[in-house]
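Undergrad: The structure that follows is given in the form of structure tokens.
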Amino acid sequence: MSQWWEYPALPRGPGERAIFKAKAICGGGRTGRLAKPAGPRRSLQLRGAPTLRALTWTFAPTPTSAPAPPAMDSAARDKMQPALPPGSSCPGPEWPEQERAEQLARGAALKWASGIFYRPEQLARLGQYRSREVQRTCSLEARIKSVVQSYLEGVKTGVRQLAWALEAVQGAREALGQAHALLQGMAEAAQTLEPLREQVVQHKQLQAMSQLLPRLRAVPAALAHTQTLIDAQRLLEAYVSLRELEQLQEETWAPLGGLELPVFEGLGPLAEALGQAVEAAAGAAGRLAREDPALLVAAMRVAEVDAGRTTSLEQAARDWRQRCLRALQEGLERIHFGTPLQPGPGALAGWLEALRVALPAELAAAEALVAPCCPPHYNVVRLWAHTLHSGLRCCLQQLLEGPQLEAADAFTLLHWALHVYLGPEMMGSLELGPEADVSDLEPLLTLENIEQLETIFVAKVQASVAQWLQKALDGDVAEWGREQEPDTDPSGFYHSPMPAIVLQILEENIRVTRMVSESLQRRVHGMALSELSAFLRSFSDALIRFSRDHLRGEATAPHYVPYLLATLNHQSALSSSVSVLQPDWVAPGALAPVEAALDELQRRICRLVLEALLAELQPLFAALPSRRWLSSPELLDDVCERTASFCQDFRHVRDPAVQLLLAEAERTVVLQYLRALMQGRLVCRGADERTQAAERLRHDAAQLRELFLGLGLEESVQCAPVLLALRELLNLRDPTLLGLEVAGLRQQFPDVSEDHVSALLDLRGDVSREQRLAALSSLQAGPQPSPPAGGRALFSLVPAPAPPLSSCLPSGSCA
């Protein structure tokens, strides 16, 4: 049996097709949606009743049909149409879309009927159509009635269940009201029993008080007895008496409902007095372990037993165990690091030495005497070691925050903290067990503390070293103006203890820092080099002042040159011994600034000595060259004699400084000789005078060579051979070959200039202009000669005479 919502059977004739079209228009399809009408109307959903009404209208009478049944009024139609539930998509009659659908359905039905029954032969089938539609209408009505009836039965069942639920709720409400009334009655009854309850409580309290009254009367005497036991340091007995009193207090507290009796008011102060006695015994553990170990054991037992105490009273825990541990630590710190025991200025070394002896002895006593008197979990030796370490660390921190230490105290503290404290003499002793190990704790001195102490030490030592070096220099400078010559050593060399004192001061400060740390050694080494450089600068400045005062006549030194030579020996001693300031760990170039300062000091001393020599020789060279010089060797004899006399004191100078000094003296003499030749004081008048001048140059060169050989200067470093080269230039008879001689001269002495050659040509007196130009042009011909290895400048230090100004017409090239 098909359901009411399924599609109707397909039409088999024209009449059925028209009815089907009407159904489609009214929404009788499977989807229940209204067919889209012509025009812009929106689609509607019509279910059930519109379809039945459309089918009813299909049987409207036609002119050729049989009489139609009476028309159904609107009330009957509305009664036949089933009511739609709320939210249904099929609109009621009041909707204009429904009226439009009815009109379309009626028109379609009439059109279909008029088409089918237009011919008379088709009227015979009218009864069949009618009976078929009646059956289908009845079937649809039956289905609709069945569905509506099932809906109504469900609604009826729901209404019945709601009625039952309402009756149950009303019954529960009545029961709750009765229970509420009963509870109110019980509360009123309980209020009437409140006085009786209070009487019962009072009765119980009085009963308990009557039972405990004999014991409560003895409480004041027990309190006094317990205080007597505490004063007598009978701590165990005092604790037993205290616990009995506390137990009695607990027994009275519960029956009295937490009421505190006045008789127990002194129990709290009594317990505090016993705690203080236990704490005092723990604070003097070291002394009691030697004098009265029983008292120390009793104090420890009291603290341990009290740690396991439980009470029903609302009291804070006494925590006597922690108080004992804290007292042990504070007592130990007070003994060794109390404020009166901290060192004053200059007493740090003695204080540290006393700690070096006392701390290991304290740890040994703790292990042998105190540890057996305390529970094992106290770890007495470890506690002692950690307490001593932390106390010492705090004491050192306070010491560093106070006034700045002296250099000796800073050095002592660094050495003691970094090496002695953890060494075998103290905390690293093999006699101490592993519990005394403090290597895993924080170090006594932090990196900031070490940096602070090193900075203090270096600054203090630097100031002291600078002061000592200045004293040594001032003492040596004070001797430069003496009437006596400088002191000499057994070998005859000028000698002074100043270089040895300077190097000893610096070397000892570097060496002693090896006992502390490498960082301090490096800092002191850098400081030593810096102070040595400053000392050399001061030494050089003192020499300049000494020379200036002597030359100006402000403070004439009787032995000016000997003391200059003595300072040269000082410089040599410093140069030869400065290597002691360069340990193996120092970089190779660390001494370069000091060595450069020493070299500069040596050059300055040599320059001052040579200036003194030059002051004596300049008057002698003023008459050279001259006619007298050509004919007599007296002028150079005087020069050699004065030079030999001046250089006699050079024998007191040590090698290699004496060789350097002789070489510079010989070069100074030669330079003065060349400077005199370049002045143009003499012009040879002929070949004879040129020959005499050439021979004089040869003789003078030989005489200077013999002079300095006799003084000890090696021939290979002498500059006198330059006079032999000039001799060849003067001895040349053919002036046209001067270019070759000039080129050879330039090969030997690259620093010779045209002005020098021109001055020498003027000395010949026979060189024409063309020959001069040819000779000078040879200086520019050929490659530039390279200076010989180890060669020293000569001609570049000799000022050449300025060439005479040329006279030209304004229109000439010079214009």
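Chains: A, B, ... in order of the structure tokens. Residues: from 1 per chain. Ligands: from 1, in order shown.
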Write out as JSON lines the residues of range 136-228 of chain A that have any atom within 10 Å of an atom of range 269-287 of chain A, one row each with the nearest atom pair and its distance in Å to one decimal, counting only C-alpha atoms, sorted by chain and then rising number.
TA:
{"residue": "A:Leu223", "atom": "CA", "partner": "A:Leu270", "partner_atom": "CA", "distance": 7.5}
{"residue": "A:Ala224", "atom": "CA", "partner": "A:Leu270", "partner_atom": "CA", "distance": 9.2}
{"residue": "A:Thr226", "atom": "CA", "partner": "A:Leu270", "partner_atom": "CA", "distance": 7.8}
{"residue": "A:Gln227", "atom": "CA", "partner": "A:Leu270", "partner_atom": "CA", "distance": 6.8}
Undergrad: Please report, as a ChimeraX atom specification, each residue of range 427-534 of chain A to which DSSP assigns alpha helix (DSSP H) when run on this structure's backbone.
TA: /A:447-478,498-512,518-534
Undergrad: What does the structure give for the distance between CA of Ser533 in chain A and CA of Val594 in chain A, in Å to one decimal?
TA: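 Computed distance, CA of Ser533 in chain A to CA of Val594 in chain A, equals 5.6 Å.
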Undergrad: Could you state the separation of CA of Leu610 in chain A and CA of Leu532 in chain A in Å, given to one decimal place?
TA: 26.3 Å
Undergrad: Restricting the calculation to only C-alpha atoms: of A:Gly402, A:Pro799, A:Gly526, A:Gly686, which residue gets closest to Asp766 in chain A?
TA: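 So, comparing all the options, the nearest one is A:Gly686.
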Undergrad: Please provide the set of residues having any atom within 7 Å of range 672-684 of chain A, restricted to only C-alpha atoms, with same-chain residues fewer than 3 positions apart removed, written as a PDB file with N, CA, C and O atoms, in the first residue's frame.
TA:
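File written: part12.pdb
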ATOM      1  N   PHE A 621     140.959  73.642  14.082  1.00  0.00           N
ATOM      2  CA  PHE A 621     140.599  73.464  12.672  1.00  0.00           C
ATOM      3  C   PHE A 621     140.284  74.796  11.986  1.00  0.00           C
ATOM      4  O   PHE A 621     140.094  74.828  10.778  1.00  0.00           O
ATOM      5  N   LEU A 624     142.924  75.615   9.238  1.00  0.00           N
ATOM      6  CA  LEU A 624     143.156  74.530   8.283  1.00  0.00           C
ATOM      7  C   LEU A 624     142.049  74.569   7.245  1.00  0.00           C
ATOM      8  O   LEU A 624     140.865  74.696   7.630  1.00  0.00           O
ATOM      9  N   PRO A 625     142.392  74.528   5.957  1.00  0.00           N
ATOM     10  CA  PRO A 625     143.752  74.487   5.371  1.00  0.00           C
ATOM     11  C   PRO A 625     144.308  75.904   5.189  1.00  0.00           C
ATOM     12  O   PRO A 625     143.541  76.868   5.113  1.00  0.00           O
ATOM     13  N   SER A 626     145.569  75.965   5.141  1.00  0.00           N
ATOM     14  CA  SER A 626     146.251  77.263   4.970  1.00  0.00           C
ATOM     15  C   SER A 626     147.651  77.012   4.407  1.00  0.00           C
ATOM     16  O   SER A 626     148.076  75.863   4.243  1.00  0.00           O
ATOM     17  N   THR A 668     134.254  62.193  13.984  1.00  0.00           N
ATOM     18  CA  THR A 668     134.108  63.614  14.284  1.00  0.00           C
ATOM     19  C   THR A 668     135.338  64.409  13.836  1.00  0.00           C
ATOM     20  O   THR A 668     135.232  65.503  13.236  1.00  0.00           O
ATOM     21  N   VAL A 669     136.532  63.845  14.092  1.00  0.00           N
ATOM     22  CA  VAL A 669     137.757  64.526  13.661  1.00  0.00           C
ATOM     23  C   VAL A 669     137.817  64.626  12.142  1.00  0.00           C
ATOM     24  O   VAL A 669     138.143  65.671  11.565  1.00  0.00           O
ATOM     25  N   GLU A 689     151.863  73.383  -5.274  1.00  0.00           N
ATOM     26  CA  GLU A 689     150.978  73.453  -4.099  1.00  0.00           C
ATOM     27  C   GLU A 689     149.961  72.308  -4.088  1.00  0.00           C
ATOM     28  O   GLU A 689     149.602  71.795  -3.030  1.00  0.00           O
ATOM     29  N   ARG A 690     149.497  71.925  -5.306  1.00  0.00           N
ATOM     30  CA  ARG A 690     148.570  70.787  -5.341  1.00  0.00           C
ATOM     31  C   ARG A 690     149.288  69.531  -4.870  1.00  0.00           C
ATOM     32  O   ARG A 690     148.712  68.700  -4.168  1.00  0.00           O
ATOM     33  N   HIS A 756     130.141  69.564  -2.901  1.00  0.00           N
ATOM     34  CA  HIS A 756     131.397  69.079  -2.324  1.00  0.00           C
ATOM     35  C   HIS A 756     132.482  68.958  -3.406  1.00  0.00           C
ATOM     36  O   HIS A 756     133.645  69.385  -3.214  1.00  0.00           O
ATOM     37  N   ALA A 759     133.720  72.334  -4.434  1.00  0.00           N
ATOM     38  CA  ALA A 759     134.634  72.923  -3.456  1.00  0.00           C
ATOM     39  C   ALA A 759     136.027  72.313  -3.580  1.00  0.00           C
ATOM     40  O   ALA A 759     137.053  73.018  -3.468  1.00  0.00           O
ATOM     41  N   LEU A 760     136.100  71.008  -3.839  1.00  0.00           N
ATOM     42  CA  LEU A 760     137.401  70.362  -3.998  1.00  0.00           C
ATOM     43  C   LEU A 760     138.089  70.831  -5.283  1.00  0.00           C
ATOM     44  O   LEU A 760     139.320  70.998  -5.317  1.00  0.00           O
ATOM     45  N   ASP A 762     137.667  73.748  -6.545  1.00  0.00           N
ATOM     46  CA  ASP A 762     138.164  75.100  -6.240  1.00  0.00           C
ATOM     47  C   ASP A 762     139.500  75.026  -5.501  1.00  0.00           C
ATOM     48  O   ASP A 762     140.386  75.881  -5.691  1.00  0.00           O
ATOM     49  N   LEU A 763     139.659  73.982  -4.644  1.00  0.00           N
ATOM     50  CA  LEU A 763     140.914  73.828  -3.932  1.00  0.00           C
ATOM     51  C   LEU A 763     142.081  73.567  -4.895  1.00  0.00           C
ATOM     52  O   LEU A 763     143.219  74.028  -4.675  1.00  0.00           O
ATOM     53  N   ARG A 764     141.837  72.861  -6.016  1.00  0.00           N
ATOM     54  CA  ARG A 764     142.876  72.617  -7.004  1.00  0.00           C
ATOM     55  C   ARG A 764     143.343  73.935  -7.652  1.00  0.00           C
ATOM     56  O   ARG A 764     144.531  74.143  -7.869  1.00  0.00           O
ATOM     57  N   GLY A 765     142.389  74.787  -8.008  1.00  0.00           N
ATOM     58  CA  GLY A 765     142.739  76.079  -8.560  1.00  0.00           C
ATOM     59  C   GLY A 765     143.079  76.083 -10.034  1.00  0.00           C
ATOM     60  O   GLY A 765     143.461  77.132 -10.569  1.00  0.00           O
ATOM     61  N   VAL A 798     128.679  67.158   6.110  1.00  0.00           N
ATOM     62  CA  VAL A 798     129.598  68.286   5.920  1.00  0.00           C
ATOM     63  C   VAL A 798     128.874  69.357   5.129  1.00  0.00           C
ATOM     64  O   VAL A 798     128.470  69.112   3.979  1.00  0.00           O
ATOM     65  N   PRO A 799     128.643  70.501   5.692  1.00  0.00           N
ATOM     66  CA  PRO A 799     127.972  71.569   4.925  1.00  0.00           C
ATOM     67  C   PRO A 799     128.901  72.109   3.838  1.00  0.00           C
ATOM     68  O   PRO A 799     130.049  72.478   4.096  1.00  0.00           O
ATOM     69  N   ALA A 800     128.417  72.115   2.606  1.00  0.00           N
ATOM     70  CA  ALA A 800     129.204  72.625   1.479  1.00  0.00           C
ATOM     71  C   ALA A 800     128.968  74.116   1.320  1.00  0.00           C
ATOM     72  O   ALA A 800     127.872  74.627   1.620  1.00  0.00           O
ATOM     73  N   PRO A 801     129.975  74.864   0.854  1.00  0.00           N
ATOM     74  CA  PRO A 801     129.779  76.302   0.651  1.00  0.00           C
ATOM     75  C   PRO A 801     128.763  76.558  -0.447  1.00  0.00           C
ATOM     76  O   PRO A 801     128.661  75.800  -1.421  1.00  0.00           O
TER      77      PRO A 801
END
Undergrad: Can you measure CA of Leu126 in chain A to CA of Lys111 in chain A for me? One decimal in Å is fine.
TA: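 If I compute the distance from CA of Leu126 in chain A to CA of Lys111 in chain A, I get 15.7 Å.
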Undergrad: Please provide as an MDAnalysis selection string all residues within 10 Å of Ser538 in chain A, with the sequence filter that same-chain residues fewer than 4 positions apart are discarded (counting only C-alpha atoms).
TA: chainID A and resid 469:470 473 532:534 542:544
Undergrad: Generate the output file for the selected residues, C-alpha atoms, as an mmCIF file, in the first residue's frame.
TA:
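The resulting file, again20.cif, is shown below:
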data_model
loop_
_atom_site.group_PDB
_atom_site.id
_atom_site.type_symbol
_atom_site.label_atom_id
_atom_site.label_comp_id
_atom_site.auth_asym_id
_atom_site.auth_seq_id
_atom_site.Cartn_x
_atom_site.Cartn_y
_atom_site.Cartn_z
ATOM 1 C CA LEU A 469 114.828 54.387 41.355
ATOM 2 C CA GLN A 470 114.620 58.141 41.718
ATOM 3 C CA LEU A 473 119.430 58.312 40.209
ATOM 4 C CA LEU A 532 112.707 51.160 33.711
ATOM 5 C CA SER A 533 111.732 53.138 30.608
ATOM 6 C CA ALA A 534 110.708 56.067 32.795
ATOM 7 C CA ALA A 542 119.509 64.525 34.033
ATOM 8 C CA LEU A 543 122.405 64.226 31.561
ATOM 9 C CA ILE A 544 120.991 67.058 29.481
#
Undergrad: Which neighbours of range 439-453 of chain A fall inside 7 Å, counting only C-alpha atoms, when residues of the same chain fewer than 2 positions from it are skipped, and could you give them as a list in words?
TA: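 Answer for this query is Arg393, Ala410, Ala417, Asp437, Thr455, Ile456 and Phe457 of chain A.
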Undergrad: Could you pull the residues within 12 Å of Ala592 in chain A, counting only C-alpha atoms, minus those fewer than 6 positions along the same chain, as a compact mmCIF listing (two decimals) with all heavy atoms, in the first residue's frame?
TA:
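out.txt was written with the following content:
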# COMPACT_ATOMS: atom_id res chain seq x y z
N LEU A 529 109.05 47.02 33.45
CA LEU A 529 109.55 47.58 32.18
C LEU A 529 109.13 49.03 32.01
O LEU A 529 109.91 49.86 31.51
CB LEU A 529 109.02 46.72 31.02
CG LEU A 529 109.50 45.26 30.98
CD1 LEU A 529 108.96 44.57 29.73
CD2 LEU A 529 111.02 45.18 31.01
N SER A 530 107.91 49.34 32.41
CA SER A 530 107.46 50.73 32.30
C SER A 530 108.30 51.65 33.19
O SER A 530 108.70 52.74 32.77
CB SER A 530 105.99 50.81 32.71
OG SER A 530 105.53 52.15 32.72
N SER A 533 111.76 52.15 31.70
CA SER A 533 111.73 53.14 30.61
C SER A 533 111.64 54.55 31.16
O SER A 533 112.33 55.47 30.68
CB SER A 533 110.54 52.85 29.68
OG SER A 533 110.66 51.56 29.10
N SER A 575 122.35 47.55 29.64
CA SER A 575 122.06 46.83 28.39
C SER A 575 122.45 45.37 28.49
O SER A 575 121.74 44.48 27.98
CB SER A 575 122.82 47.49 27.23
OG SER A 575 122.36 48.81 27.04
N VAL A 578 119.87 43.65 31.21
CA VAL A 578 118.42 43.82 31.13
C VAL A 578 117.72 42.52 30.77
O VAL A 578 116.51 42.36 30.96
CB VAL A 578 118.08 44.93 30.11
CG1 VAL A 578 118.28 44.42 28.68
CG2 VAL A 578 116.65 45.41 30.29
N SER A 579 118.47 41.54 30.27
CA SER A 579 117.86 40.25 29.91
C SER A 579 117.31 39.52 31.12
O SER A 579 116.48 38.61 30.97
CB SER A 579 118.89 39.37 29.19
OG SER A 579 120.02 39.16 30.02
N LEU A 581 115.31 40.64 33.08
CA LEU A 581 113.90 41.04 33.17
C LEU A 581 113.03 40.37 32.13
O LEU A 581 111.86 40.75 31.97
CB LEU A 581 113.79 42.56 33.01
CG LEU A 581 114.58 43.42 34.01
CD1 LEU A 581 114.33 44.89 33.73
CD2 LEU A 581 114.20 43.06 35.43
N GLN A 582 113.59 39.40 31.43
CA GLN A 582 112.82 38.70 30.40
C GLN A 582 112.79 37.22 30.71
O GLN A 582 113.63 36.45 30.25
CB GLN A 582 113.41 38.93 29.00
CG GLN A 582 112.54 38.35 27.88
CD GLN A 582 113.06 38.73 26.51
OE1 GLN A 582 114.13 39.30 26.40
NE2 GLN A 582 112.31 38.42 25.47
N VAL A 586 107.89 35.31 28.76
CA VAL A 586 107.65 36.63 28.17
C VAL A 586 107.87 36.56 26.67
O VAL A 586 108.76 35.85 26.17
CB VAL A 586 108.59 37.68 28.81
CG1 VAL A 586 108.39 39.04 28.16
CG2 VAL A 586 108.32 37.77 30.31
N LEU A 598 117.48 52.39 25.79
CA LEU A 598 118.90 52.26 26.11
C LEU A 598 119.77 52.72 24.94
O LEU A 598 120.80 53.40 25.15
CB LEU A 598 119.22 50.81 26.48
CG LEU A 598 118.73 50.34 27.86
CD1 LEU A 598 118.90 48.84 27.99
CD2 LEU A 598 119.48 51.08 28.96
N ASP A 599 119.38 52.37 23.73
CA ASP A 599 120.13 52.82 22.56
C ASP A 599 120.09 54.34 22.44
O ASP A 599 121.11 54.98 22.12
CB ASP A 599 119.57 52.17 21.30
CG ASP A 599 119.80 50.66 21.28
OD1 ASP A 599 120.70 50.19 22.02
OD2 ASP A 599 119.10 49.96 20.53
Undergrad: Taking 5 positions as the minimum chain separation for residues in the same chain, which residues sit within 7 Å of Leu630 in chain A when counting only C-alpha atoms? Answer as a list of chain:residue names.
TA: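 These residues fall inside the cut-off: A:Gln692, A:Ala693, A:Arg696.
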Undergrad: Go ahead and dump the residues you just picked, C-alpha atoms, as an mmCIF file, in the first residue's frame.
TA:
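The new file out26.cif reads:
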data_model
loop_
_atom_site.group_PDB
_atom_site.id
_atom_site.type_symbol
_atom_site.label_atom_id
_atom_site.label_comp_id
_atom_site.auth_asym_id
_atom_site.auth_seq_id
_atom_site.Cartn_x
_atom_site.Cartn_y
_atom_site.Cartn_z
ATOM 1 C CA GLN A 692 151.995 69.601 -1.345
ATOM 2 C CA ALA A 693 148.255 69.492 -0.511
ATOM 3 C CA ARG A 696 149.579 66.702 3.334
#
